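Visitor: This one is data.cif, mmCIF, N, CA and C atoms.
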data_data
#
loop_
_atom_site.label_atom_id
_atom_site.label_comp_id
_atom_site.auth_asym_id
_atom_site.auth_seq_id
_atom_site.Cartn_x
_atom_site.Cartn_y
_atom_site.Cartn_z
N MET A 1 102.83 77.61 92.40
CA MET A 1 103.51 78.36 91.36
C MET A 1 104.33 79.48 92.00
N ARG A 2 105.52 79.67 91.50
CA ARG A 2 106.37 80.73 92.03
C ARG A 2 105.91 82.10 91.52
N THR A 3 106.21 83.11 92.32
CA THR A 3 105.79 84.47 91.98
C THR A 3 107.00 85.34 91.64
N CYS A 4 106.77 86.26 90.72
CA CYS A 4 107.80 87.25 90.37
C CYS A 4 107.15 88.63 90.38
N LEU A 5 107.76 89.52 91.12
CA LEU A 5 107.33 90.91 91.16
C LEU A 5 108.13 91.65 90.09
N VAL A 6 107.42 92.20 89.11
CA VAL A 6 108.06 92.96 88.03
C VAL A 6 107.88 94.44 88.35
N VAL A 7 109.01 95.14 88.57
CA VAL A 7 108.97 96.53 88.99
C VAL A 7 109.61 97.40 87.91
N ASP A 8 108.79 98.15 87.21
CA ASP A 8 109.29 99.02 86.15
C ASP A 8 108.24 100.09 85.89
N ASP A 9 108.68 101.33 85.65
CA ASP A 9 107.72 102.40 85.39
C ASP A 9 107.18 102.34 83.97
N SER A 10 107.74 101.51 83.11
CA SER A 10 107.25 101.35 81.74
C SER A 10 106.26 100.20 81.66
N SER A 11 105.03 100.52 81.27
CA SER A 11 104.02 99.46 81.13
C SER A 11 104.41 98.49 80.01
N VAL A 12 105.12 98.98 79.01
CA VAL A 12 105.56 98.10 77.91
C VAL A 12 106.56 97.07 78.42
N ILE A 13 107.53 97.51 79.21
CA ILE A 13 108.52 96.59 79.78
C ILE A 13 107.82 95.57 80.69
N ARG A 14 106.88 96.04 81.51
CA ARG A 14 106.16 95.11 82.41
C ARG A 14 105.40 94.08 81.59
N LYS A 15 104.79 94.50 80.49
CA LYS A 15 104.03 93.57 79.64
C LYS A 15 104.95 92.54 79.01
N ILE A 16 106.11 92.97 78.49
CA ILE A 16 107.07 92.04 77.89
C ILE A 16 107.59 91.06 78.94
N ALA A 17 107.95 91.60 80.11
CA ALA A 17 108.46 90.74 81.19
C ALA A 17 107.39 89.74 81.64
N ARG A 18 106.14 90.20 81.74
CA ARG A 18 105.04 89.30 82.13
C ARG A 18 104.94 88.13 81.16
N ARG A 19 104.95 88.44 79.86
CA ARG A 19 104.81 87.39 78.86
C ARG A 19 105.96 86.36 78.98
N ILE A 20 107.17 86.86 79.12
CA ILE A 20 108.34 85.97 79.23
C ILE A 20 108.26 85.13 80.50
N LEU A 21 107.96 85.76 81.63
CA LEU A 21 107.96 85.05 82.90
C LEU A 21 106.79 84.10 83.05
N GLU A 22 105.65 84.45 82.48
CA GLU A 22 104.53 83.50 82.50
C GLU A 22 104.88 82.25 81.71
N ASP A 23 105.62 82.41 80.61
CA ASP A 23 106.09 81.25 79.84
C ASP A 23 107.06 80.40 80.65
N LEU A 24 107.72 81.01 81.64
CA LEU A 24 108.64 80.28 82.53
C LEU A 24 107.92 79.80 83.80
N ASN A 25 106.59 79.85 83.76
CA ASN A 25 105.73 79.35 84.85
C ASN A 25 105.79 80.16 86.13
N PHE A 26 105.87 81.48 85.99
CA PHE A 26 105.79 82.37 87.15
C PHE A 26 104.44 83.06 87.15
N GLN A 27 103.90 83.27 88.36
CA GLN A 27 102.74 84.14 88.53
C GLN A 27 103.31 85.54 88.71
N ILE A 28 102.73 86.54 88.03
CA ILE A 28 103.31 87.87 87.99
C ILE A 28 102.52 88.86 88.83
N ILE A 29 103.27 89.67 89.58
CA ILE A 29 102.74 90.82 90.29
C ILE A 29 103.47 92.01 89.68
N GLU A 30 102.76 93.10 89.42
CA GLU A 30 103.39 94.26 88.80
C GLU A 30 103.37 95.46 89.73
N ALA A 31 104.41 96.28 89.63
CA ALA A 31 104.46 97.56 90.34
C ALA A 31 105.18 98.56 89.46
N GLU A 32 104.70 99.81 89.45
CA GLU A 32 105.31 100.81 88.56
C GLU A 32 106.38 101.66 89.24
N ASP A 33 106.60 101.45 90.54
CA ASP A 33 107.69 102.15 91.22
C ASP A 33 108.06 101.36 92.49
N GLY A 34 109.16 101.78 93.10
CA GLY A 34 109.66 101.06 94.26
C GLY A 34 108.72 101.10 95.45
N GLU A 35 108.01 102.20 95.62
CA GLU A 35 107.09 102.30 96.75
C GLU A 35 105.95 101.29 96.62
N LYS A 36 105.36 101.18 95.42
CA LYS A 36 104.29 100.20 95.20
C LYS A 36 104.84 98.78 95.31
N ALA A 37 106.08 98.59 94.88
CA ALA A 37 106.71 97.27 95.00
C ALA A 37 106.88 96.88 96.46
N LEU A 38 107.27 97.85 97.29
CA LEU A 38 107.44 97.59 98.71
C LEU A 38 106.11 97.23 99.36
N GLU A 39 105.04 97.92 98.95
CA GLU A 39 103.70 97.59 99.45
C GLU A 39 103.34 96.14 99.09
N ALA A 40 103.64 95.74 97.87
CA ALA A 40 103.35 94.36 97.43
C ALA A 40 104.15 93.37 98.27
N CYS A 41 105.40 93.69 98.58
CA CYS A 41 106.24 92.79 99.37
C CYS A 41 105.76 92.69 100.81
N ARG A 42 105.18 93.77 101.33
CA ARG A 42 104.64 93.72 102.69
C ARG A 42 103.43 92.79 102.75
N ARG A 43 102.67 92.71 101.64
CA ARG A 43 101.52 91.79 101.59
C ARG A 43 101.99 90.35 101.49
N ALA A 44 102.96 90.09 100.63
CA ALA A 44 103.48 88.73 100.45
C ALA A 44 104.80 88.83 99.68
N LEU A 45 105.85 88.25 100.25
CA LEU A 45 107.14 88.29 99.57
C LEU A 45 107.12 87.38 98.34
N PRO A 46 107.59 87.89 97.21
CA PRO A 46 107.66 87.06 96.00
C PRO A 46 108.89 86.15 96.04
N ASP A 47 108.94 85.21 95.13
CA ASP A 47 110.13 84.36 95.00
C ASP A 47 111.23 85.12 94.26
N ALA A 48 110.82 86.00 93.35
CA ALA A 48 111.77 86.73 92.52
C ALA A 48 111.29 88.16 92.31
N VAL A 49 112.26 89.06 92.05
CA VAL A 49 111.94 90.44 91.70
C VAL A 49 112.77 90.81 90.48
N LEU A 50 112.09 91.23 89.42
CA LEU A 50 112.76 91.78 88.24
C LEU A 50 112.63 93.29 88.39
N LEU A 51 113.76 93.98 88.60
CA LEU A 51 113.74 95.33 89.13
C LEU A 51 114.43 96.34 88.22
N ASP A 52 113.70 97.39 87.85
CA ASP A 52 114.27 98.51 87.11
C ASP A 52 115.02 99.42 88.08
N TRP A 53 116.01 100.14 87.58
CA TRP A 53 116.78 101.05 88.43
C TRP A 53 116.12 102.42 88.51
N ASN A 54 115.88 103.05 87.35
CA ASN A 54 115.39 104.42 87.30
C ASN A 54 113.87 104.47 87.24
N MET A 55 113.26 104.89 88.36
CA MET A 55 111.80 105.02 88.43
C MET A 55 111.46 106.21 89.29
N PRO A 56 110.25 106.78 89.07
CA PRO A 56 109.81 107.88 89.93
C PRO A 56 109.44 107.34 91.33
N VAL A 57 109.22 108.22 92.25
CA VAL A 57 108.79 107.96 93.62
C VAL A 57 109.90 107.28 94.44
N MET A 58 110.28 106.04 94.07
CA MET A 58 111.36 105.33 94.73
C MET A 58 112.07 104.49 93.68
N ASP A 59 113.38 104.70 93.51
CA ASP A 59 114.10 103.94 92.48
C ASP A 59 114.41 102.52 92.95
N GLY A 60 114.91 101.73 92.03
CA GLY A 60 115.17 100.32 92.32
C GLY A 60 116.21 100.10 93.39
N TYR A 61 117.24 100.93 93.40
CA TYR A 61 118.30 100.80 94.40
C TYR A 61 117.76 101.03 95.81
N GLU A 62 116.94 102.08 95.97
CA GLU A 62 116.34 102.37 97.27
C GLU A 62 115.38 101.26 97.69
N PHE A 63 114.57 100.78 96.73
CA PHE A 63 113.65 99.68 97.01
C PHE A 63 114.43 98.45 97.51
N LEU A 64 115.53 98.13 96.85
CA LEU A 64 116.30 96.95 97.22
C LEU A 64 116.81 97.05 98.66
N GLY A 65 117.27 98.22 99.05
CA GLY A 65 117.71 98.42 100.44
C GLY A 65 116.59 98.15 101.43
N HIS A 66 115.40 98.68 101.15
CA HIS A 66 114.24 98.44 102.02
C HIS A 66 113.87 96.96 102.06
N LEU A 67 113.85 96.33 100.88
CA LEU A 67 113.49 94.91 100.79
C LEU A 67 114.42 94.06 101.64
N ARG A 68 115.72 94.26 101.47
CA ARG A 68 116.70 93.42 102.18
C ARG A 68 116.66 93.62 103.70
N ARG A 69 116.12 94.75 104.18
CA ARG A 69 116.01 94.97 105.62
C ARG A 69 114.69 94.46 106.20
N MET A 70 113.74 94.06 105.35
CA MET A 70 112.46 93.53 105.83
C MET A 70 112.66 92.14 106.42
N PRO A 71 111.79 91.73 107.36
CA PRO A 71 111.85 90.33 107.82
C PRO A 71 111.62 89.40 106.63
N GLY A 72 112.55 88.50 106.39
CA GLY A 72 112.45 87.59 105.24
C GLY A 72 112.89 88.22 103.93
N GLY A 73 113.27 89.49 103.95
CA GLY A 73 113.59 90.23 102.74
C GLY A 73 114.87 89.80 102.05
N GLU A 74 115.64 88.94 102.70
CA GLU A 74 116.84 88.42 102.04
C GLU A 74 116.52 87.24 101.13
N THR A 75 115.31 86.72 101.23
CA THR A 75 114.94 85.52 100.49
C THR A 75 114.68 85.71 98.99
N PRO A 76 113.89 86.72 98.57
CA PRO A 76 113.62 86.84 97.13
C PRO A 76 114.91 87.03 96.33
N LYS A 77 114.97 86.38 95.19
CA LYS A 77 116.08 86.59 94.26
C LYS A 77 115.78 87.85 93.47
N VAL A 78 116.71 88.79 93.47
CA VAL A 78 116.50 90.07 92.81
C VAL A 78 117.42 90.18 91.59
N VAL A 79 116.80 90.42 90.44
CA VAL A 79 117.54 90.61 89.20
C VAL A 79 117.26 92.03 88.72
N PHE A 80 118.30 92.89 88.76
CA PHE A 80 118.16 94.24 88.22
C PHE A 80 118.05 94.15 86.71
N CYS A 81 117.18 94.95 86.13
CA CYS A 81 116.98 94.97 84.69
C CYS A 81 116.94 96.43 84.28
N THR A 82 118.03 96.92 83.68
CA THR A 82 118.15 98.35 83.49
C THR A 82 119.01 98.72 82.29
N THR A 83 118.95 99.97 81.91
CA THR A 83 119.82 100.49 80.85
C THR A 83 121.15 100.95 81.42
N GLU A 84 121.25 101.03 82.75
CA GLU A 84 122.49 101.47 83.41
C GLU A 84 123.52 100.36 83.30
N ASN A 85 124.54 100.55 82.45
CA ASN A 85 125.48 99.45 82.21
C ASN A 85 126.89 99.72 82.72
N GLY A 86 127.09 100.81 83.46
CA GLY A 86 128.41 101.09 84.01
C GLY A 86 128.78 100.11 85.11
N MET A 87 130.06 99.77 85.21
CA MET A 87 130.50 98.84 86.25
C MET A 87 130.17 99.36 87.64
N ASP A 88 130.17 100.69 87.82
CA ASP A 88 129.84 101.24 89.13
C ASP A 88 128.39 100.92 89.51
N HIS A 89 127.47 101.00 88.53
CA HIS A 89 126.06 100.67 88.79
C HIS A 89 125.92 99.18 89.11
N ILE A 90 126.57 98.35 88.33
CA ILE A 90 126.48 96.90 88.54
C ILE A 90 127.04 96.55 89.91
N SER A 91 128.18 97.10 90.27
CA SER A 91 128.78 96.84 91.58
C SER A 91 127.88 97.31 92.71
N ARG A 92 127.32 98.51 92.56
CA ARG A 92 126.41 99.04 93.59
C ARG A 92 125.21 98.13 93.78
N ALA A 93 124.63 97.67 92.67
CA ALA A 93 123.45 96.79 92.74
C ALA A 93 123.80 95.48 93.44
N LEU A 94 124.90 94.87 93.07
CA LEU A 94 125.29 93.60 93.67
C LEU A 94 125.65 93.79 95.15
N ASP A 95 126.33 94.87 95.47
CA ASP A 95 126.68 95.15 96.87
C ASP A 95 125.43 95.40 97.72
N ALA A 96 124.39 95.95 97.11
CA ALA A 96 123.14 96.24 97.84
C ALA A 96 122.28 94.99 98.02
N GLY A 97 122.67 93.89 97.37
CA GLY A 97 121.92 92.66 97.57
C GLY A 97 121.25 92.09 96.35
N ALA A 98 121.50 92.68 95.17
CA ALA A 98 120.96 92.09 93.94
C ALA A 98 121.68 90.78 93.67
N ASN A 99 120.98 89.82 93.11
CA ASN A 99 121.58 88.52 92.79
C ASN A 99 122.16 88.49 91.38
N GLU A 100 121.57 89.26 90.48
CA GLU A 100 122.03 89.28 89.09
C GLU A 100 121.65 90.60 88.45
N TYR A 101 122.06 90.76 87.19
CA TYR A 101 121.91 92.02 86.46
C TYR A 101 121.62 91.70 85.00
N ILE A 102 120.59 92.32 84.44
CA ILE A 102 120.23 92.16 83.02
C ILE A 102 120.19 93.54 82.38
N MET A 103 120.71 93.62 81.17
CA MET A 103 120.65 94.88 80.43
C MET A 103 119.39 94.92 79.57
N LYS A 104 118.78 96.09 79.47
CA LYS A 104 117.69 96.31 78.51
C LYS A 104 118.32 96.66 77.18
N PRO A 105 117.75 96.25 76.08
CA PRO A 105 116.57 95.37 75.97
C PRO A 105 116.96 93.93 76.27
N PHE A 106 115.98 93.16 76.70
CA PHE A 106 116.21 91.76 77.04
C PHE A 106 115.24 90.88 76.27
N ASP A 107 115.53 89.58 76.25
CA ASP A 107 114.62 88.63 75.61
C ASP A 107 114.47 87.41 76.52
N LYS A 108 113.66 86.46 76.09
CA LYS A 108 113.37 85.29 76.93
C LYS A 108 114.63 84.50 77.27
N ASP A 109 115.55 84.36 76.31
CA ASP A 109 116.77 83.59 76.56
C ASP A 109 117.62 84.23 77.65
N ILE A 110 117.73 85.55 77.63
CA ILE A 110 118.53 86.26 78.64
C ILE A 110 117.89 86.10 80.02
N VAL A 111 116.58 86.34 80.11
CA VAL A 111 115.88 86.22 81.39
C VAL A 111 115.99 84.79 81.91
N ALA A 112 115.75 83.81 81.05
CA ALA A 112 115.82 82.41 81.46
C ALA A 112 117.22 82.06 81.97
N ALA A 113 118.25 82.52 81.28
CA ALA A 113 119.63 82.23 81.69
C ALA A 113 119.93 82.83 83.06
N LYS A 114 119.53 84.08 83.28
CA LYS A 114 119.80 84.73 84.57
C LYS A 114 118.99 84.08 85.69
N PHE A 115 117.73 83.74 85.42
CA PHE A 115 116.91 83.09 86.43
C PHE A 115 117.45 81.70 86.75
N GLN A 116 118.03 81.03 85.76
CA GLN A 116 118.65 79.74 86.00
C GLN A 116 119.91 79.93 86.87
N GLU A 117 120.71 80.94 86.56
CA GLU A 117 121.94 81.21 87.33
C GLU A 117 121.66 81.43 88.81
N VAL A 118 120.56 82.08 89.14
CA VAL A 118 120.25 82.36 90.55
C VAL A 118 119.39 81.26 91.18
N GLY A 119 119.12 80.19 90.43
CA GLY A 119 118.42 79.03 90.99
C GLY A 119 116.92 79.11 91.00
N LEU A 120 116.33 79.99 90.20
CA LEU A 120 114.88 80.13 90.17
C LEU A 120 114.22 79.14 89.21
N ILE A 121 114.93 78.75 88.17
CA ILE A 121 114.38 77.80 87.20
C ILE A 121 115.46 76.80 86.82
N GLU A 122 115.00 75.68 86.33
CA GLU A 122 115.91 74.69 85.74
C GLU A 122 115.55 74.60 84.27
N ILE A 123 116.56 74.65 83.45
CA ILE A 123 116.33 74.52 82.02
C ILE A 123 116.77 73.11 81.63
N SER A 124 115.80 72.35 81.13
CA SER A 124 116.13 70.99 80.73
C SER A 124 116.72 71.00 79.32
N VAL A 125 117.76 70.25 79.17
CA VAL A 125 118.43 70.15 77.86
C VAL A 125 117.91 68.90 77.16
N PRO A 126 117.42 69.05 75.92
CA PRO A 126 116.91 67.88 75.22
C PRO A 126 118.00 66.82 75.06
N ALA A 127 117.61 65.57 75.21
CA ALA A 127 118.59 64.47 75.12
C ALA A 127 118.96 64.18 73.68
#
Would you write the structure of this file as structure tokens?
Guide:
Amino acid sequence: MRTCLVVDDSSVIRKIARRILEDLNFQIIEAEDGEKALEACRRALPDAVLLDWNMPVMDGYEFLGHLRRMPGGETPKVVFCTTENGMDHISRALDAGANEYIMKPFDKDIVAAKFQEVGLIEISVPA
């Protein structure tokens, strides 16, 4: 089973993301800030990271820089999930190595579409 690290300081967002991603057949690891997320990645790199931007201790942008410099750190697909919707934020995230970007609030269809775009899931279309 593929793993997804959900990084958000909101326990509510982590719970919603967990429910959605478990329905998409992901095993979930949670972290409430970038520092704890980095610790989780040092133990085992996930297949995917759903990453908030604004968090205490270490924000998502800083975490992404550390992740991408780790051995194997270019492998996980990273999807930023944030309220920051300015083009400058989106460009910065993608330039730093994010694979995609989701705006909060999100739902299962949005997450599934973005995860499909980055090659993490296949959505079968009924015949």
Visitor: So which residues touch Arg2 (chain A) within 7 Å, counting only N, CA and C atoms, skipping near sequence neighbours fewer than 6 positions away, as a ChimeraX atom specification?
Guide: /A:25-28,46-48
Visitor: Leaving out region 7-21 of chain A and any residue of its chain fewer than 6 positions from it, which residues lie within 6 Å of it when counting only N, CA and C atoms, given as an NGL selection string?
Guide: :A and (30-33 or 50-52 or 55 or 108)
Visitor: Please return as a ChimeraX atom specification: the residues of chain A that backbone DSSP assigns to helix (DSSP H, G or I).
Guide: /A:11-23,34-43,60-69,87-95,108-117
Visitor: Go ahead and dump the residues you just picked, N, CA and C atoms, as a compact mmCIF listing (two decimals), keeping the file's coordinate frame.
Guide:
# COMPACT_ATOMS: atom_id res chain seq x y z
N SER A 11 105.03 100.52 81.27
CA SER A 11 104.02 99.46 81.13
C SER A 11 104.41 98.49 80.01
N VAL A 12 105.12 98.98 79.01
CA VAL A 12 105.56 98.10 77.91
C VAL A 12 106.56 97.07 78.42
N ILE A 13 107.53 97.51 79.21
CA ILE A 13 108.52 96.59 79.78
C ILE A 13 107.82 95.57 80.69
N ARG A 14 106.88 96.04 81.51
CA ARG A 14 106.16 95.11 82.41
C ARG A 14 105.40 94.08 81.59
N LYS A 15 104.79 94.50 80.49
CA LYS A 15 104.03 93.57 79.64
C LYS A 15 104.95 92.54 79.01
N ILE A 16 106.11 92.97 78.49
CA ILE A 16 107.07 92.04 77.89
C ILE A 16 107.59 91.06 78.94
N ALA A 17 107.95 91.60 80.11
CA ALA A 17 108.46 90.74 81.19
C ALA A 17 107.39 89.74 81.64
N ARG A 18 106.14 90.20 81.74
CA ARG A 18 105.04 89.30 82.13
C ARG A 18 104.94 88.13 81.16
N ARG A 19 104.95 88.44 79.86
CA ARG A 19 104.81 87.39 78.86
C ARG A 19 105.96 86.36 78.98
N ILE A 20 107.17 86.86 79.12
CA ILE A 20 108.34 85.97 79.23
C ILE A 20 108.26 85.13 80.50
N LEU A 21 107.96 85.76 81.63
CA LEU A 21 107.96 85.05 82.90
C LEU A 21 106.79 84.10 83.05
N GLU A 22 105.65 84.45 82.48
CA GLU A 22 104.53 83.50 82.50
C GLU A 22 104.88 82.25 81.71
N ASP A 23 105.62 82.41 80.61
CA ASP A 23 106.09 81.25 79.84
C ASP A 23 107.06 80.40 80.65
N GLY A 34 109.16 101.78 93.10
CA GLY A 34 109.66 101.06 94.26
C GLY A 34 108.72 101.10 95.45
N GLU A 35 108.01 102.20 95.62
CA GLU A 35 107.09 102.30 96.75
C GLU A 35 105.95 101.29 96.62
N LYS A 36 105.36 101.18 95.42
CA LYS A 36 104.29 100.20 95.20
C LYS A 36 104.84 98.78 95.31
N ALA A 37 106.08 98.59 94.88
CA ALA A 37 106.71 97.27 95.00
C ALA A 37 106.88 96.88 96.46
N LEU A 38 107.27 97.85 97.29
CA LEU A 38 107.44 97.59 98.71
C LEU A 38 106.11 97.23 99.36
N GLU A 39 105.04 97.92 98.95
CA GLU A 39 103.70 97.59 99.45
C GLU A 39 103.34 96.14 99.09
N ALA A 40 103.64 95.74 97.87
CA ALA A 40 103.35 94.36 97.43
C ALA A 40 104.15 93.37 98.27
N CYS A 41 105.40 93.69 98.58
CA CYS A 41 106.24 92.79 99.37
C CYS A 41 105.76 92.69 100.81
N ARG A 42 105.18 93.77 101.33
CA ARG A 42 104.64 93.72 102.69
C ARG A 42 103.43 92.79 102.75
N ARG A 43 102.67 92.71 101.64
CA ARG A 43 101.52 91.79 101.59
C ARG A 43 101.99 90.35 101.49
N GLY A 60 114.91 101.73 92.03
CA GLY A 60 115.17 100.32 92.32
C GLY A 60 116.21 100.10 93.39
N TYR A 61 117.24 100.93 93.40
CA TYR A 61 118.30 100.80 94.40
C TYR A 61 117.76 101.03 95.81
N GLU A 62 116.94 102.08 95.97
CA GLU A 62 116.34 102.37 97.27
C GLU A 62 115.38 101.26 97.69
N PHE A 63 114.57 100.78 96.73
CA PHE A 63 113.65 99.68 97.01
C PHE A 63 114.43 98.45 97.51
N LEU A 64 115.53 98.13 96.85
CA LEU A 64 116.30 96.95 97.22
C LEU A 64 116.81 97.05 98.66
N GLY A 65 117.27 98.22 99.05
CA GLY A 65 117.71 98.42 100.44
C GLY A 65 116.59 98.15 101.43
N HIS A 66 115.40 98.68 101.15
CA HIS A 66 114.24 98.44 102.02
C HIS A 66 113.87 96.96 102.06
N LEU A 67 113.85 96.33 100.88
CA LEU A 67 113.49 94.91 100.79
C LEU A 67 114.42 94.06 101.64
N ARG A 68 115.72 94.26 101.47
CA ARG A 68 116.70 93.42 102.18
C ARG A 68 116.66 93.62 103.70
N ARG A 69 116.12 94.75 104.18
CA ARG A 69 116.01 94.97 105.62
C ARG A 69 114.69 94.46 106.20
N MET A 87 130.06 99.77 85.21
CA MET A 87 130.50 98.84 86.25
C MET A 87 130.17 99.36 87.64
N ASP A 88 130.17 100.69 87.82
CA ASP A 88 129.84 101.24 89.13
C ASP A 88 128.39 100.92 89.51
N HIS A 89 127.47 101.00 88.53
CA HIS A 89 126.06 100.67 88.79
C HIS A 89 125.92 99.18 89.11
N ILE A 90 126.57 98.35 88.33
CA ILE A 90 126.48 96.90 88.54
C ILE A 90 127.04 96.55 89.91
N SER A 91 128.18 97.10 90.27
CA SER A 91 128.78 96.84 91.58
C SER A 91 127.88 97.31 92.71
N ARG A 92 127.32 98.51 92.56
CA ARG A 92 126.41 99.04 93.59
C ARG A 92 125.21 98.13 93.78
N ALA A 93 124.63 97.67 92.67
CA ALA A 93 123.45 96.79 92.74
C ALA A 93 123.80 95.48 93.44
N LEU A 94 124.90 94.87 93.07
CA LEU A 94 125.29 93.60 93.67
C LEU A 94 125.65 93.79 95.15
N ASP A 95 126.33 94.87 95.47
CA ASP A 95 126.68 95.15 96.87
C ASP A 95 125.43 95.40 97.72
N LYS A 108 113.66 86.46 76.09
CA LYS A 108 113.37 85.29 76.93
C LYS A 108 114.63 84.50 77.27
N ASP A 109 115.55 84.36 76.31
CA ASP A 109 116.77 83.59 76.56
C ASP A 109 117.62 84.23 77.65
N ILE A 110 117.73 85.55 77.63
CA ILE A 110 118.53 86.26 78.64
C ILE A 110 117.89 86.10 80.02
N VAL A 111 116.58 86.34 80.11
CA VAL A 111 115.88 86.22 81.39
C VAL A 111 115.99 84.79 81.91
N ALA A 112 115.75 83.81 81.05
CA ALA A 112 115.82 82.41 81.46
C ALA A 112 117.22 82.06 81.97
N ALA A 113 118.25 82.52 81.28
CA ALA A 113 119.63 82.23 81.69
C ALA A 113 119.93 82.83 83.06
N LYS A 114 119.53 84.08 83.28
CA LYS A 114 119.80 84.73 84.57
C LYS A 114 118.99 84.08 85.69
N PHE A 115 117.73 83.74 85.42
CA PHE A 115 116.91 83.09 86.43
C PHE A 115 117.45 81.70 86.75
N GLN A 116 118.03 81.03 85.76
CA GLN A 116 118.65 79.74 86.00
C GLN A 116 119.91 79.93 86.87
N GLU A 117 120.71 80.94 86.56
CA GLU A 117 121.94 81.21 87.33
C GLU A 117 121.66 81.43 88.81
Visitor: One decimal, in Å: what's the spacing between atom C of Phe80 (chain A) and atom N of Glu35 (chain A)?
Guide: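 Distance reported for this atom pair: 15.7 Å.
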Visitor: Check the smallest atom-to-atom distance from each of A:Met87, A:Val49, A:Ala96, A:Ala40 to Arg68 (chain A) using all atoms listed in the file, then report the winner.
Guide: A:Ala96
Visitor: Please return as a PyMOL selection string: the residues of region 6-103 of chain A that backbone DSSP assigns to strand (DSSP E).
Guide: chain A and resi 6-7+26-31+48-51+77-82+100-103
Visitor: Would you compute the distance between CA of Ser91 (chain A) and CA of Val79 (chain A)? Give it in Å to one decimal.
Guide: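 Atom-to-atom, CA of Ser91 (chain A) and CA of Val79 (chain A) are spaced 13.1 Å apart.
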Visitor: Using only C-alpha atoms, which residues sit within 12 Å of Glu62 (chain A) once same-chain residues fewer than 3 positions away are excluded, as a compact mmCIF listing (two decimals) with N, CA and C atoms, in the frame of the given file?
Guide:
# COMPACT_ATOMS: atom_id res chain seq x y z
N ASP A 33 106.60 101.45 90.54
CA ASP A 33 107.69 102.15 91.22
C ASP A 33 108.06 101.36 92.49
N GLY A 34 109.16 101.78 93.10
CA GLY A 34 109.66 101.06 94.26
C GLY A 34 108.72 101.10 95.45
N GLU A 35 108.01 102.20 95.62
CA GLU A 35 107.09 102.30 96.75
C GLU A 35 105.95 101.29 96.62
N ALA A 37 106.08 98.59 94.88
CA ALA A 37 106.71 97.27 95.00
C ALA A 37 106.88 96.88 96.46
N LEU A 38 107.27 97.85 97.29
CA LEU A 38 107.44 97.59 98.71
C LEU A 38 106.11 97.23 99.36
N LEU A 51 113.76 93.98 88.60
CA LEU A 51 113.74 95.33 89.13
C LEU A 51 114.43 96.34 88.22
N ASP A 52 113.70 97.39 87.85
CA ASP A 52 114.27 98.51 87.11
C ASP A 52 115.02 99.42 88.08
N TRP A 53 116.01 100.14 87.58
CA TRP A 53 116.78 101.05 88.43
C TRP A 53 116.12 102.42 88.51
N ASN A 54 115.88 103.05 87.35
CA ASN A 54 115.39 104.42 87.30
C ASN A 54 113.87 104.47 87.24
N MET A 55 113.26 104.89 88.36
CA MET A 55 111.80 105.02 88.43
C MET A 55 111.46 106.21 89.29
N PRO A 56 110.25 106.78 89.07
CA PRO A 56 109.81 107.88 89.93
C PRO A 56 109.44 107.34 91.33
N VAL A 57 109.22 108.22 92.25
CA VAL A 57 108.79 107.96 93.62
C VAL A 57 109.90 107.28 94.44
N MET A 58 110.28 106.04 94.07
CA MET A 58 111.36 105.33 94.73
C MET A 58 112.07 104.49 93.68
N ASP A 59 113.38 104.70 93.51
CA ASP A 59 114.10 103.94 92.48
C ASP A 59 114.41 102.52 92.95
N GLY A 65 117.27 98.22 99.05
CA GLY A 65 117.71 98.42 100.44
C GLY A 65 116.59 98.15 101.43
N HIS A 66 115.40 98.68 101.15
CA HIS A 66 114.24 98.44 102.02
C HIS A 66 113.87 96.96 102.06
N LEU A 67 113.85 96.33 100.88
CA LEU A 67 113.49 94.91 100.79
C LEU A 67 114.42 94.06 101.64
N ARG A 68 115.72 94.26 101.47
CA ARG A 68 116.70 93.42 102.18
C ARG A 68 116.66 93.62 103.70
N ARG A 69 116.12 94.75 104.18
CA ARG A 69 116.01 94.97 105.62
C ARG A 69 114.69 94.46 106.20
N ARG A 92 127.32 98.51 92.56
CA ARG A 92 126.41 99.04 93.59
C ARG A 92 125.21 98.13 93.78
N ALA A 93 124.63 97.67 92.67
CA ALA A 93 123.45 96.79 92.74
C ALA A 93 123.80 95.48 93.44
N ALA A 96 124.39 95.95 97.11
CA ALA A 96 123.14 96.24 97.84
C ALA A 96 122.28 94.99 98.02
N GLY A 97 122.67 93.89 97.37
CA GLY A 97 121.92 92.66 97.57
C GLY A 97 121.25 92.09 96.35
N ALA A 98 121.50 92.68 95.17
CA ALA A 98 120.96 92.09 93.94
C ALA A 98 121.68 90.78 93.67
Visitor: Please work out which residues fall within 8 Å of (127.2, 82.9, 89.9), coordinates as given in the file, with all atoms listed in the file counting, and return them as a PyMOL selection string.
Guide: chain A and resi 99+117-118
Visitor: Just N, CA and C atoms for this one: save the residues we selected as a tab-separated table (two decimals), in the coordinates of the input.
Guide:
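Final output, again22.tsv:
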chain	number	residue	atom	x	y	z
A	99	ASN	N	120.98	89.82	93.11
A	99	ASN	CA	121.58	88.52	92.79
A	99	ASN	C	122.16	88.49	91.38
A	117	GLU	N	120.71	80.94	86.56
A	117	GLU	CA	121.94	81.21	87.33
A	117	GLU	C	121.66	81.43	88.81
A	118	VAL	N	120.56	82.08	89.14
A	118	VAL	CA	120.25	82.36	90.55
A	118	VAL	C	119.39	81.26	91.18
Visitor: Just to confirm, what's the straight-line distance from CA of Leu24 (chain A) to atom C of Leu5 (chain A) in Å (one decimal)?
Guide: 13.7 Å
Visitor: Got a sec: who's within 8 Å of Asn85 (chain A), counting all atoms listed in the file, leaving out chain neighbours fewer than 6 positions off, as a list in words?
Guide: Ile102, Met103 and Lys104 of chain A
